[in-house]
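Enquirer: My structure is stored as target_15.txt, with compact mmCIF, C-alpha atoms.
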# COMPACT_ATOMS: atom_id res chain seq x y z
CA MET M 281 -2.72 -4.21 35.12
CA ALA M 282 -5.03 -1.50 33.74
CA ARG M 283 -2.68 -0.49 30.95
CA GLU M 284 -1.96 -4.03 29.84
CA ARG M 285 -5.37 -5.68 29.98
CA ILE M 286 -8.32 -3.33 30.25
CA GLU M 287 -8.00 -2.10 26.65
CA GLN M 288 -8.44 -5.63 25.32
CA VAL M 289 -11.41 -6.22 27.60
CA CYS M 290 -13.07 -3.01 26.40
CA ASP M 291 -12.46 -3.92 22.76
CA ARG M 292 -14.27 -7.22 23.23
CA ALA M 293 -17.11 -5.56 25.13
CA PHE M 294 -17.62 -2.90 22.46
CA GLU M 295 -17.67 -5.56 19.74
CA GLU M 296 -20.37 -7.45 21.59
CA THR M 297 -22.37 -4.27 22.18
CA PHE M 298 -22.26 -2.76 18.69
CA GLU M 299 -21.76 -5.99 16.75
CA ASN M 300 -21.66 -5.17 13.00
CA ASP M 301 -22.51 -1.48 13.32
CA PRO M 302 -20.00 0.39 11.07
CA SER M 303 -20.58 3.69 12.91
CA VAL M 304 -17.64 5.55 14.40
CA PHE M 305 -18.36 7.24 17.74
CA ILE M 306 -15.98 9.89 19.06
CA VAL M 307 -16.51 10.49 22.78
CA ARG M 308 -14.84 13.53 24.27
CA GLN M 309 -15.20 12.80 27.97
CA VAL M 310 -16.51 10.03 30.20
CA HIS M 311 -16.87 10.56 33.93
CA THR M 312 -17.42 7.43 35.96
CA LYS M 313 -16.58 5.89 39.30
CA LEU M 314 -15.56 2.26 39.52
CA ALA M 315 -15.09 0.11 42.57
CA VAL M 316 -14.13 -3.53 42.76
CA LEU M 317 -14.13 -5.62 45.91
CA ALA M 318 -11.69 -8.46 45.48
CA SER M 319 -9.76 -10.81 47.68
CA HIS M 320 -5.99 -10.83 47.73
CA ALA M 321 -6.08 -14.09 45.79
CA ALA M 322 -8.01 -12.60 42.87
CA HIS M 323 -6.17 -12.80 39.54
CA ASP M 324 -5.31 -9.63 37.62
CA SER M 325 -7.21 -10.97 34.63
CA ARG M 326 -10.39 -11.21 36.69
CA LEU M 327 -9.97 -7.65 37.97
CA ALA M 328 -9.38 -6.43 34.42
CA GLU M 329 -12.55 -8.16 33.25
CA GLN M 330 -14.62 -6.46 35.97
CA LEU M 331 -13.13 -2.99 35.50
CA GLY M 332 -13.20 -3.20 31.70
CA ALA M 333 -16.83 -4.32 31.55
CA ARG M 334 -17.97 -1.52 33.87
CA LEU M 335 -15.91 1.10 32.05
CA CYS M 336 -17.38 -0.02 28.74
CA ALA M 337 -20.89 0.19 30.18
CA SER M 338 -20.20 3.78 31.26
CA VAL M 339 -19.04 4.72 27.75
CA VAL M 340 -22.14 3.16 26.20
CA ARG M 341 -24.38 5.08 28.60
CA VAL M 342 -22.69 8.34 27.60
CA ILE M 343 -23.23 7.54 23.91
CA ALA M 344 -26.86 6.61 24.47
CA SER M 345 -27.68 9.67 26.58
CA SER M 346 -25.91 12.33 24.49
CA SER M 347 -28.18 14.16 22.08
CA HIS M 348 -25.78 17.03 21.29
CA THR M 349 -22.40 17.29 19.60
CA GLU M 350 -20.42 18.79 22.47
CA ASN M 351 -19.41 15.43 23.92
CA VAL M 352 -20.28 12.71 21.37
CA ILE M 353 -19.91 12.74 17.59
CA ARG M 354 -21.16 9.93 15.35
CA PHE M 355 -19.86 9.27 11.84
CA GLU M 356 -21.55 6.93 9.42
CA ASN M 357 -18.44 4.77 8.99
CA GLN M 358 -14.66 4.92 8.93
CA ALA M 359 -14.55 6.38 5.40
CA THR M 360 -16.80 9.26 6.47
CA TYR M 361 -14.61 9.95 9.50
CA VAL M 362 -11.34 9.84 7.55
CA SER M 363 -12.60 11.92 4.62
CA GLY M 364 -13.95 14.53 7.03
CA PHE M 365 -10.58 14.79 8.73
CA LEU M 366 -8.71 15.07 5.42
CA SER M 367 -11.07 17.78 4.16
CA ASP M 368 -10.47 19.77 7.34
CA PHE M 369 -6.73 19.01 7.16
CA VAL M 370 -6.23 20.53 3.70
CA ALA M 371 -8.43 23.45 4.75
CA GLY M 372 -6.16 24.06 7.74
CA THR M 373 -8.89 23.57 10.36
CA ALA M 374 -8.37 19.92 11.40
CA TRP M 375 -6.64 20.51 14.72
CA GLY M 376 -9.29 22.96 15.83
CA HIS M 377 -11.84 20.16 16.22
CA TRP M 378 -11.59 17.94 19.27
CA TYR M 379 -13.05 14.94 17.45
CA HIS M 380 -9.94 14.80 15.22
CA ASP M 381 -7.67 14.10 18.19
CA ALA M 382 -7.54 10.43 17.17
CA PHE M 383 -5.39 11.53 14.20
CA GLY M 384 -2.87 13.19 16.50
CA VAL M 385 -0.25 10.56 15.63
CA TYR M 386 0.06 12.23 12.18
CA ARG M 387 0.29 15.78 13.52
CA ASP M 388 4.09 16.14 13.47
CA LEU M 389 4.48 14.76 9.94
CA PRO M 390 4.96 17.00 6.88
CA PRO M 391 1.57 17.58 5.19
CA ASN M 392 2.28 15.29 2.22
CA GLU M 393 3.47 12.46 4.47
CA ALA M 394 0.52 12.92 6.83
CA VAL M 395 -2.06 12.68 4.01
CA LEU M 396 -0.32 9.64 2.51
CA ALA M 397 -0.04 7.89 5.90
CA VAL M 398 -3.74 8.43 6.69
CA LEU M 399 -4.82 7.04 3.31
CA VAL M 400 -2.42 4.08 3.42
CA ASP M 401 -3.64 3.21 6.92
CA ASN M 402 -7.20 3.08 5.54
CA LEU M 403 -6.63 1.22 2.27
CA ASP M 404 -9.58 -1.08 2.93
CA CYS M 405 -11.99 1.82 2.39
CA LEU M 406 -9.85 4.00 0.11
CA GLY M 407 -12.34 3.99 -2.74
CA GLU M 408 -15.13 5.38 -0.58
CA ILE M 409 -12.78 7.92 1.02
CA LEU M 410 -11.74 9.30 -2.39
CA HIS M 411 -15.38 9.40 -3.50
CA ARG M 412 -16.44 11.35 -0.41
CA LEU M 413 -13.53 13.74 -0.88
CA MET M 414 -14.68 14.34 -4.45
CA VAL M 415 -18.25 15.04 -3.29
CA ALA M 416 -16.85 17.46 -0.69
CA ASN M 417 -14.77 19.21 -3.40
CA SER M 418 -11.60 18.29 -1.50
CA LEU M 419 -10.13 15.64 -3.82
CA VAL M 420 -8.12 18.12 -5.91
CA ALA M 421 -6.56 19.58 -2.75
CA ILE M 422 -5.76 16.09 -1.42
CA LEU M 423 -4.07 15.07 -4.67
CA ALA M 424 -2.09 18.31 -4.63
CA ALA M 425 -1.04 17.66 -1.03
CA LEU M 426 0.11 14.15 -1.93
CA GLY M 427 2.28 15.37 -4.80
CA PRO M 428 3.41 13.15 -7.67
CA ASP M 429 5.46 10.80 -5.47
CA GLY M 430 2.67 10.40 -2.94
CA GLN M 431 0.09 9.77 -5.66
CA ARG M 432 2.27 7.09 -7.21
CA CYS M 433 2.93 5.42 -3.86
CA LEU M 434 -0.77 5.44 -2.94
CA TRP M 435 -1.80 4.00 -6.32
CA LEU M 436 0.74 1.18 -6.06
CA ARG M 437 -0.21 0.40 -2.47
CA PHE M 438 -3.90 0.30 -3.43
CA THR M 439 -3.56 -1.86 -6.53
CA ARG M 440 -1.12 -4.25 -4.90
CA GLN M 441 -2.76 -4.14 -1.46
CA THR M 442 0.58 -4.16 0.35
CA ALA M 443 0.33 -2.29 3.60
CA GLU M 444 4.07 -2.43 4.09
CA PRO M 445 6.87 -1.85 1.56
CA PRO M 446 8.68 -4.97 0.33
CA SER M 447 11.64 -6.07 2.40
CA GLU M 448 15.24 -6.12 1.25
CA ASP M 449 15.53 -9.83 2.03
CA ALA M 450 12.61 -10.70 -0.24
CA PHE M 451 13.98 -8.91 -3.31
CA ARG M 452 17.71 -9.41 -2.83
CA ILE M 453 17.69 -12.62 -4.91
CA PHE M 454 16.09 -10.85 -7.90
CA VAL M 455 18.62 -8.01 -7.84
CA HIS M 456 21.51 -10.46 -7.45
CA THR M 457 20.30 -12.54 -10.41
CA ALA M 458 19.81 -9.48 -12.64
CA PHE M 459 23.29 -8.20 -11.76
CA HIS M 460 24.77 -11.62 -12.54
CA LEU M 461 23.15 -11.58 -16.00
CA VAL M 462 24.40 -8.06 -16.71
CA ASP M 463 27.89 -9.04 -15.55
CA SER M 464 27.84 -11.91 -18.05
CA PHE M 465 27.52 -9.47 -20.97
CA SER M 466 29.48 -6.51 -19.54
CA ILE M 467 26.83 -4.01 -20.56
CA TRP M 468 27.13 -1.66 -17.59
CA ALA M 469 26.76 1.89 -18.89
CA ALA M 470 28.88 3.78 -16.35
CA GLY M 471 30.32 1.45 -13.78
CA ARG M 472 28.67 -1.27 -11.75
CA PRO M 473 26.68 -0.03 -8.76
CA THR M 474 26.69 -2.04 -5.57
CA GLU M 475 23.80 -4.46 -5.30
CA GLN M 476 22.85 -3.19 -1.84
CA ASP M 477 22.67 0.48 -2.89
CA PHE M 478 20.61 -0.33 -5.96
CA LEU M 479 18.31 -2.61 -3.95
CA ARG M 480 17.46 0.13 -1.47
CA HIS M 481 16.75 2.59 -4.26
CA TYR M 482 14.72 0.00 -6.19
CA LEU M 483 12.48 -0.76 -3.22
CA LEU M 484 11.38 2.90 -3.15
CA SER M 485 9.45 2.16 -6.36
CA HIS M 486 7.39 -0.45 -4.43
CA PRO M 487 7.85 -3.36 -6.85
CA ALA M 488 5.08 -5.92 -7.01
CA ASN M 489 5.47 -8.98 -4.84
CA PRO M 490 5.77 -12.07 -7.05
CA ARG M 491 3.86 -15.29 -6.63
CA TRP M 492 6.62 -17.28 -4.99
CA ALA M 493 5.34 -20.66 -6.22
CA ASP M 494 5.11 -19.49 -9.86
CA PRO M 495 8.42 -19.70 -11.82
CA SER M 496 7.08 -17.28 -14.47
CA SER M 497 6.22 -14.71 -11.82
CA LEU M 498 9.72 -15.06 -10.34
CA ALA M 499 11.22 -14.54 -13.79
CA SER M 500 9.08 -11.43 -14.19
CA ALA M 501 10.52 -10.08 -10.94
CA VAL M 502 14.05 -10.41 -12.38
CA ILE M 503 12.89 -8.75 -15.62
CA ASP M 504 11.47 -5.84 -13.61
CA VAL M 505 14.92 -5.29 -12.08
CA LEU M 506 16.52 -5.34 -15.53
CA ARG M 507 13.99 -2.80 -16.78
CA ALA M 508 14.71 -0.56 -13.80
CA LEU M 509 18.44 -0.76 -14.56
CA PHE M 510 17.79 0.17 -18.19
CA ARG M 511 15.41 3.04 -17.36
CA GLY M 512 17.93 4.42 -14.90
CA GLY M 513 20.68 4.43 -17.51
CA ARG M 514 22.66 1.77 -15.65
CA ILE M 515 22.87 -0.63 -18.60
CA THR M 516 22.81 -0.33 -22.38
CA ALA M 517 21.76 -2.87 -24.99
CA PRO M 518 24.62 -4.11 -27.22
CA HIS M 519 24.53 -3.42 -30.93
CA VAL M 520 25.72 -6.90 -31.89
CA PHE M 521 24.61 -10.28 -30.52
CA ASP M 522 26.34 -13.35 -31.90
CA SER M 523 26.59 -17.06 -31.15
CA ASP M 524 29.17 -16.48 -28.41
CA ASP M 525 26.75 -14.16 -26.65
CA LEU M 526 24.04 -16.81 -26.89
CA ALA M 527 26.40 -19.37 -25.32
CA ARG M 528 27.17 -16.94 -22.47
CA LEU M 529 23.47 -16.36 -21.98
CA ASP M 530 22.77 -20.09 -21.69
CA LEU M 531 25.66 -20.49 -19.25
CA ALA M 532 24.47 -17.59 -17.09
CA LEU M 533 20.92 -18.96 -16.97
CA ASP M 534 22.12 -22.47 -16.14
CA THR M 535 24.34 -21.31 -13.27
CA SER M 536 21.93 -19.04 -11.41
CA CYS M 537 18.34 -19.37 -12.66
CA ASP M 538 17.21 -22.93 -11.97
CA TRP M 539 14.51 -21.64 -9.61
CA LEU M 540 12.60 -19.61 -12.21
CA ASP M 541 11.13 -19.92 -15.71
CA LYS M 542 14.34 -19.89 -17.77
CA PRO M 543 12.71 -20.06 -21.26
CA PHE M 544 10.55 -17.04 -20.42
CA LEU M 545 13.51 -15.07 -19.07
CA LYS M 546 15.65 -16.08 -22.05
CA LYS M 547 13.06 -14.77 -24.52
CA TYR M 548 13.05 -11.42 -22.78
CA LEU M 549 16.84 -11.21 -22.72
CA LEU M 550 17.04 -12.12 -26.40
CA SER M 551 14.57 -9.38 -27.27
CA PHE M 552 16.54 -6.89 -25.19
CA LEU M 553 20.02 -7.94 -26.26
CA SER M 554 19.15 -8.28 -29.94
CA PRO M 555 17.73 -4.99 -31.26
CA VAL M 556 17.56 -6.45 -34.78
CA LEU M 557 15.07 -9.16 -33.80
CA PRO M 558 11.47 -8.57 -34.85
CA PRO M 559 9.31 -6.71 -32.30
CA GLU M 560 6.85 -9.66 -32.19
CA LEU M 561 9.34 -11.45 -29.93
CA VAL M 562 8.99 -8.72 -27.33
CA ARG M 563 5.21 -8.88 -27.42
CA SER M 564 5.16 -12.65 -27.25
CA THR M 565 6.78 -12.60 -23.81
CA THR M 566 3.91 -10.66 -22.25
CA ILE M 567 2.07 -12.82 -19.74
CA ARG M 568 -1.47 -11.92 -18.79
CA PRO M 569 -3.38 -13.62 -15.99
CA PRO M 570 -6.11 -16.00 -17.20
CA VAL M 571 -8.66 -14.35 -14.91
CA LEU M 572 -9.01 -10.92 -13.37
CA THR M 573 -7.49 -10.44 -9.92
CA PRO M 574 -9.68 -9.21 -7.03
CA ALA M 575 -7.97 -5.80 -7.20
CA GLN M 576 -8.72 -5.54 -10.92
CA LEU M 577 -12.36 -6.50 -10.35
CA ARG M 578 -12.69 -3.78 -7.70
CA LEU M 579 -11.13 -1.20 -9.99
CA LEU M 580 -13.36 -2.15 -12.91
CA GLY M 581 -16.40 -2.02 -10.64
CA SER M 582 -15.46 1.47 -9.47
CA LEU M 583 -14.84 2.55 -13.06
CA LEU M 584 -18.25 1.23 -14.15
CA SER M 585 -19.96 3.12 -11.32
CA ALA M 586 -18.17 6.32 -12.29
CA ILE M 587 -19.21 5.92 -15.92
CA ARG M 588 -22.83 5.30 -14.92
CA ASP M 589 -22.75 8.42 -12.74
CA ARG M 590 -21.35 10.37 -15.73
CA HIS M 591 -18.87 12.04 -13.41
CA CYS M 592 -15.25 11.42 -14.47
CA PRO M 593 -13.29 14.66 -13.95
CA LEU M 594 -10.12 13.46 -15.71
CA ASP M 595 -7.57 15.88 -17.12
CA PRO M 596 -5.82 14.38 -20.18
CA ALA M 597 -3.15 17.08 -19.93
CA GLU M 598 -2.03 15.83 -16.50
CA GLU M 599 1.70 15.06 -16.71
CA ASN M 600 1.72 12.72 -13.74
CA PRO M 601 -0.48 9.67 -14.55
CA HIS M 602 -1.31 8.65 -11.00
CA ALA M 603 -3.66 11.54 -10.17
CA PRO M 604 -6.05 10.58 -13.04
CA LEU M 605 -5.72 6.92 -12.02
CA LEU M 606 -6.79 7.72 -8.49
CA ARG M 607 -9.67 9.84 -9.81
Would you put the structure from the file into structure tokens?
Expert:
Amino acid sequence: MARERIEQVCDRAFEETFENDPSVFIVRQVHTKLAVLASHAAHDSRLAEQLGARLCASVVRVIASSSHTENVIRFENQATYVSGFLSDFVAGTAWGHWYHDAFGVYRDLPPNEAVLAVLVDNLDCLGEILHRLMVANSLVAILAALGPDGQRCLWLRFTRQTAEPPSEDAFRIFVHTAFHLVDSFSIWAAGRPTEQDFLRHYLLSHPANPRWADPSSLASAVIDVLRALFRGGRITAPHVFDSDDLARLDLALDTSCDWLDKPFLKKYLLSFLSPVLPPELVRSTTIRPPVLTPAQLRLLGSLLSAIRDRHCPLDPAEENPHAPLLR
């Protein structure tokens, strides 16, 4: 009964006690005695309510009566707490502080995975975390600990605000459609990979989730798969594109692409399959949102603040682009 219900009771009690206070309190020890007199007919939920409320009151008393740091530590907010842990982590002193025990779930991970997991789990305050790390002169060490792959993954997670990687089921239709189009023109560079193997590899790049009610966005998802195939050397563009190829293209689009924006997808395929066409055709297929997304507004706001502070430590010689983007 205690394991299953008291935690929820305490959560509610703490919310009522501290309301909108963003502070993070780390309490090392609480000593209390609880006693409940109840009849045999009392429900477990009622017992949990009594025990949870009294336990919460004991914790609050410890917080209120502690004026030293040996038993209670207060952080301004979650970003302060996380950035402090990460600074100590890259310095090699994190596990020597008892108030970092809450991060013990990351302790057995490799350093790069631990740093990435902590930041991904706190995406809602990532901007402030990175800023505090910069002020503490720990940002360079954090970026180094992440490595190029970790930096890229963190940037994509932040800009797309996807706490979890996309599922195979969600993107299988886009891979299947792209493979069908490539099959129609027989432009595989070195043998056709299996759709399942490519799908698993493709998901490691954390592709953007499309707007499922927007046919143009769905077409863009198929185009992203085609681009990934081309970048990976899986397909090559033909040197000649004639009327027969155009007929095959129309047939392929009619048989498998009724659910997306076929004219938009066709323009892209024509620009890719016809190297002799003018480059304006490629540029004309670029779709930009009519208004800025919330993520873009946040990024522009952060950029404006950095410019006003005149503190933009960017290295133009950085080979990996995601470290400067995060800065």
Enquirer: Could you tell me how far CA of Thr360 in chain M sits from CA of Ala416 in chain M, in Å to one decimal place?
Expert: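 Separation of CA of Ala416 in chain M and CA of Thr360 in chain M: 10.9 Å.
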Enquirer: Go through M:Tyr379, M:Phe459, M:Phe544, M:Phe451 and flag the residue nearest Gln309 in chain M, using all atoms listed in the file for the distances.
Expert: M:Tyr379
Enquirer: From the set M:Asp381, M:Asp525, M:Asp324, M:Asp388, which residue has the shortest atom-to-atom contact distance to Ser464 in chain M, counting all atoms listed in the file?
Expert: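 Distance minimum relative to Ser464 in chain M lands on M:Asp525.
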Enquirer: Excluding same-chain residues fewer than 4 positions from Leu406 in chain M, what lies within 8 Å of it counting only C-alpha atoms, as a ChimeraX atom specification?
Expert: /M:359,399,402,410,438
Enquirer: Between M:Leu498, M:Leu327, M:Glu287, M:Arg341, which residue has the minimum interatomic distance to His311 in chain M, considering all atoms listed in the file?
Expert: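 Using all atoms listed in the file, His311 in chain M sits closest to M:Arg341.
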Enquirer: Could you list, as JSON, numbers by chain, every residue within 12 Å of Val385 in chain M, counting only C-alpha atoms and ignoring same-chain residues fewer than 2 positions away?
Expert: {"M": [375, 380, 381, 382, 383, 387, 388, 389, 393, 394, 395, 397, 398, 401]}
Enquirer: Calculated over only C-alpha atoms, which of the candidates M:Val462, M:Val455, M:Leu526, M:Val362 has the smallest distance to Gln476 in chain M?
Expert: M:Val455
Enquirer: To one decimal place in Å, what is the distance between CA of Lys542 in chain M and CA of Asp477 in chain M?
Expert: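 Computed distance, CA of Lys542 in chain M to CA of Asp477 in chain M, equals 26.6 Å.
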Enquirer: Can you list, as number ranges by chain, every protein, DNA or RNA residue that comes within 9 Å of Cys433 in chain M when you count all atoms listed in the file, leaving out same-chain residues fewer than 3 positions away?
Expert: M: 396, 428-430, 436-438, 484-486, 602
Enquirer: Residues within 12 Å of Arg334 in chain M, please, as a ChimeraX atom specification. Count all atoms listed in the file; anything in the same chain fewer than 4 positions from it doesn't count.
Expert: /M:286,289-290,293-294,312-316,327-330,338-341
Enquirer: How many Å separate CA of Arg528 in chain M from CA of Leu479 in chain M?
Expert: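 Taking CA of Arg528 in chain M as the start and CA of Leu479 in chain M as the end point, the length is 25.0 Å.
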Enquirer: List the spatial neighbours of Arg412 in chain M as a list in words - criterion: any atom at most 9 Å away, all atoms listed in the file, same-chain residues fewer than 4 positions off excluded.
Expert: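 The neighbour list is Ala359, Thr360, Ser363, Gly364, Gly407, Glu408, Ala416, Asn417, Ser418 and Leu419 of chain M.
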Enquirer: Those residues you just picked out, can you put them in a file as a short mmCIF file (atom, residue, chain, number, x, y, z; two decimals), in the frame of the given file with C-alpha atoms?
Expert:
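Dumped everything to out22.cif:
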data_model
loop_
_atom_site.label_atom_id
_atom_site.label_comp_id
_atom_site.auth_asym_id
_atom_site.auth_seq_id
_atom_site.Cartn_x
_atom_site.Cartn_y
_atom_site.Cartn_z
CA ALA M 359 -14.55 6.38 5.40
CA THR M 360 -16.80 9.26 6.47
CA SER M 363 -12.60 11.92 4.62
CA GLY M 364 -13.95 14.53 7.03
CA GLY M 407 -12.34 3.99 -2.74
CA GLU M 408 -15.13 5.38 -0.58
CA ALA M 416 -16.85 17.46 -0.69
CA ASN M 417 -14.77 19.21 -3.40
CA SER M 418 -11.60 18.29 -1.50
CA LEU M 419 -10.13 15.64 -3.82
#
Enquirer: Here is a test: counting all atoms listed in the file, which residue of M:Asn351, M:Ser367, M:Ser497, M:Ser447 is nearest to Leu483 in chain M?
Expert: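 So, comparing all the options, the nearest one is M:Ser447.
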Enquirer: Of the residues M:Pro490, M:Gly512, M:Gly376, M:Pro495, which is the one nearest to Trp468 in chain M, using all atoms listed in the file?
Expert: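 Closest to Trp468 in chain M, using all atoms listed in the file: M:Gly512.
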